[in-house]
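K.L.:
Starting off with a structure, shown below.
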Amino acid sequence: MATSPNVVPFPAMPDRAVDERFEQLVDQYAAILRSHITQQCPRNLGIQVSDVEQEALVRLWRALRDERNVVDAASYIYRIAVTTTIDAVRRVIARREEQLADASDDETPARAPYIDPKQAAPDEIVERRETMQMLIDAIAELPENRRRCVELHLQGFNTADIAALLGWSEAKARNLVYRGMESLRDILKRKGIGPAR
Amino acid sequence: MTNDDTDLQNLYQRATRRGPGSDCPTEETLMKAATNKLPSKEREAVALHVAKCSDCARDFRIARSLAPWAAEASKNAREEERNLSPFAIAVTVAIAVSIPLIVWMVLARTGASKTIDRLYAEIARRDQEIRVLRTASLAMRSRLDQQLTPEVGTPIVDLDSDSARGLALPAPGVTTIEVPRTTRSVTLILHLPFPHARSLELRDEDEQLLWRADAPQTDSGSITVTLPRELVPPGDYVLRAMNASGRADFKFRTK
């Protein structure tokens with residue numbers, strides 16, 4: 001059984017006590033949890049929020065049933081919500097990749113497994129892989145701080161998240177992202193990648 | 001491709017998909033980083049990794065987006081635990097106040113008892129001192145009264161030395177002095193066989209020294225000595241006058 005800092009072994013609760021505790025936690029946290037899962041589940045992947053929510057509640061009920069004493073309920077529910085959402089997203093992506101693998105007999109690229117089947121023509125796949133490598137090379141030409149900010153920005157982080165991750169002020173992160181992206185576009189333009197191409 | 005942010009993000013995220021054998025941090029680590037519970041060094045390592053791994057970056061974004069809710073919910077739960085009923089608060093305050101108060105009272109009472117005992121002992125000691133001083137005072141006053149009272153019938157006796165008389169102690173011709181009860185002293189006039197004496201000694205019949213003093217310088221050839229009666233209770237005595245050439249014994253008996 002996996003252990004967590006928020007869960008300590010506890011004498012088995014009677015079923016009725018488990019149900020009461022579960023209902024108490026659901027009353028307290030379910031609405032807020034649903035709201036956050038709705039906000040965070042990637043919409044483009046077709047994930048059903050209700051499924052994720054249902055799975056999170058099932059995990060919580062199992063935790064209570066499996067002789068666990070939830071010390072910090074909010075923190076524990078947070079973990080359940082995060083892991084459940086991550087699992088749901090991974091499942092959807094894995095399913096799509098399986099469909100892609102079934103649809104194409106071509107060798108699947110090691111670093112770019114997710115490609116829209118509509119664009120899966122061999123020459124496009126090759127061109128995209130070349131473009132990806134040029135982008136990686138262009139990013140590598142940036143000064144270190146700009147490079148780190150640009151990488152995180154391109155991973156979809158906002159400046160607040162970048163600042164928190166790097167331990168900087170948000171103003172510094174915003175400035176470096178702006179300048180880094182400008183430099184990156186210049187480099188890409190120089191390499192012939194962009195609107196002019 | 002337009003090189004706008006969305007295009008570049010899609011391209012970069014596809015380029016940085018998790019590859020086989022990637023050394024990705026655990027979900028627990030990502031959640032700790034998202035809730036700012038990692039030391040700065042480990043947080044930087046997570047930052048370096050998610051910058052180059054779009055799968056972990058996605059997981060981290062999910063963890064990060066729920067982190068404010070978790071922090072708020074934990075805070076609310078802690079506040080609820082702290083929000084006791086007014087009665088419970090009153091009882092807690094009453095206990096918190098009364099315990100040190102009771103302890104203080106007990107300690108104060110113990111301290112006061114010790115102080116009282118110490119003061120009683122001091123009073124008893126002072127009382128005893130006062131009694132002793134009062135007794136001594138009475139005795140001194142009595143003696144002072146005696147000394148201030150004029151003496152009547154104090155014996156004044158002329159003594160010649162044995163060498164002058166040629167007698168030995170005890171001898172039938174020894175001078176006998178009767179000291180009245182009312183007197184406090186006996187005065188002896190010593191007629192010296194030599195012009196001057198250097199010192200005087202009083203000895204009892206066993207030749208034990210009772211008193212010694214320098215002799216007064218006089219040209220008359222005699223010395224007047226007043227002895228307190230306590231010094232010469234009834235018995236045989238010898239007053240010895242000495243100078244460089246010899247000595248002279250003046251023997252007497254008191255009754």
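Chain labels A, B, ... are given in the sequence in which chains occur in the structure tokens; within each chain residues are numbered consecutively from 1, and ligands are likewise numbered from 1 in the order shown.
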Define the interface residues of chain A facing chain B as those within 6 Å, counting only C-alpha atoms, and report them as a list in words.
P.N.:
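Listed by rising number, the hits are Ala74, Ser75, Tyr78, Val82, Ile86, Arg111, Ala112, Met132, Glu151, Leu152, Leu154, Gln155, Leu165, Gly194 and Pro195 of chain A.
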K.L.:
Could you tell me how far CA of Val225 in chain B lies from CA of Val174 in chain B, in Å and to one decimal?
P.N.:
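Value for the CA of Val225 in chain B-CA of Val174 in chain B distance: 17.9 Å.
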K.L.:
Neighbouring residues of range 16-22 of chain A were defined as those with any atom within 7 Å, considering only C-alpha atoms; residues of the same chain fewer than 5 positions away were excluded. Please report them as a PyMOL selection string.
P.N.:
chain A and resi 61+64-65
K.L.:
Find the spatial neighbours of Leu159 in chain B, counting only C-alpha atoms, within a cut-off of 10 Å - ignore same-chain residues fewer than 6 positions away - and output them as a ChimeraX atom specification.
P.N.:
/B:174-175,188-192,222-224,239,249-252
K.L.:
Which of these, B:Lys255, B:Ala124, B:Leu202, B:Asp160, has the shortest distance to Arg181 in chain B once you count only C-alpha atoms?
P.N.:
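Answer, going by the shortest atom-to-atom distance: B:Lys255.
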K.L.:
Using only C-alpha atoms, which of the listed residues (A:Leu166, A:Val52, A:Asp186, A:Asp66) sits closest to Pro39 in chain B?
P.N.:
A:Leu166
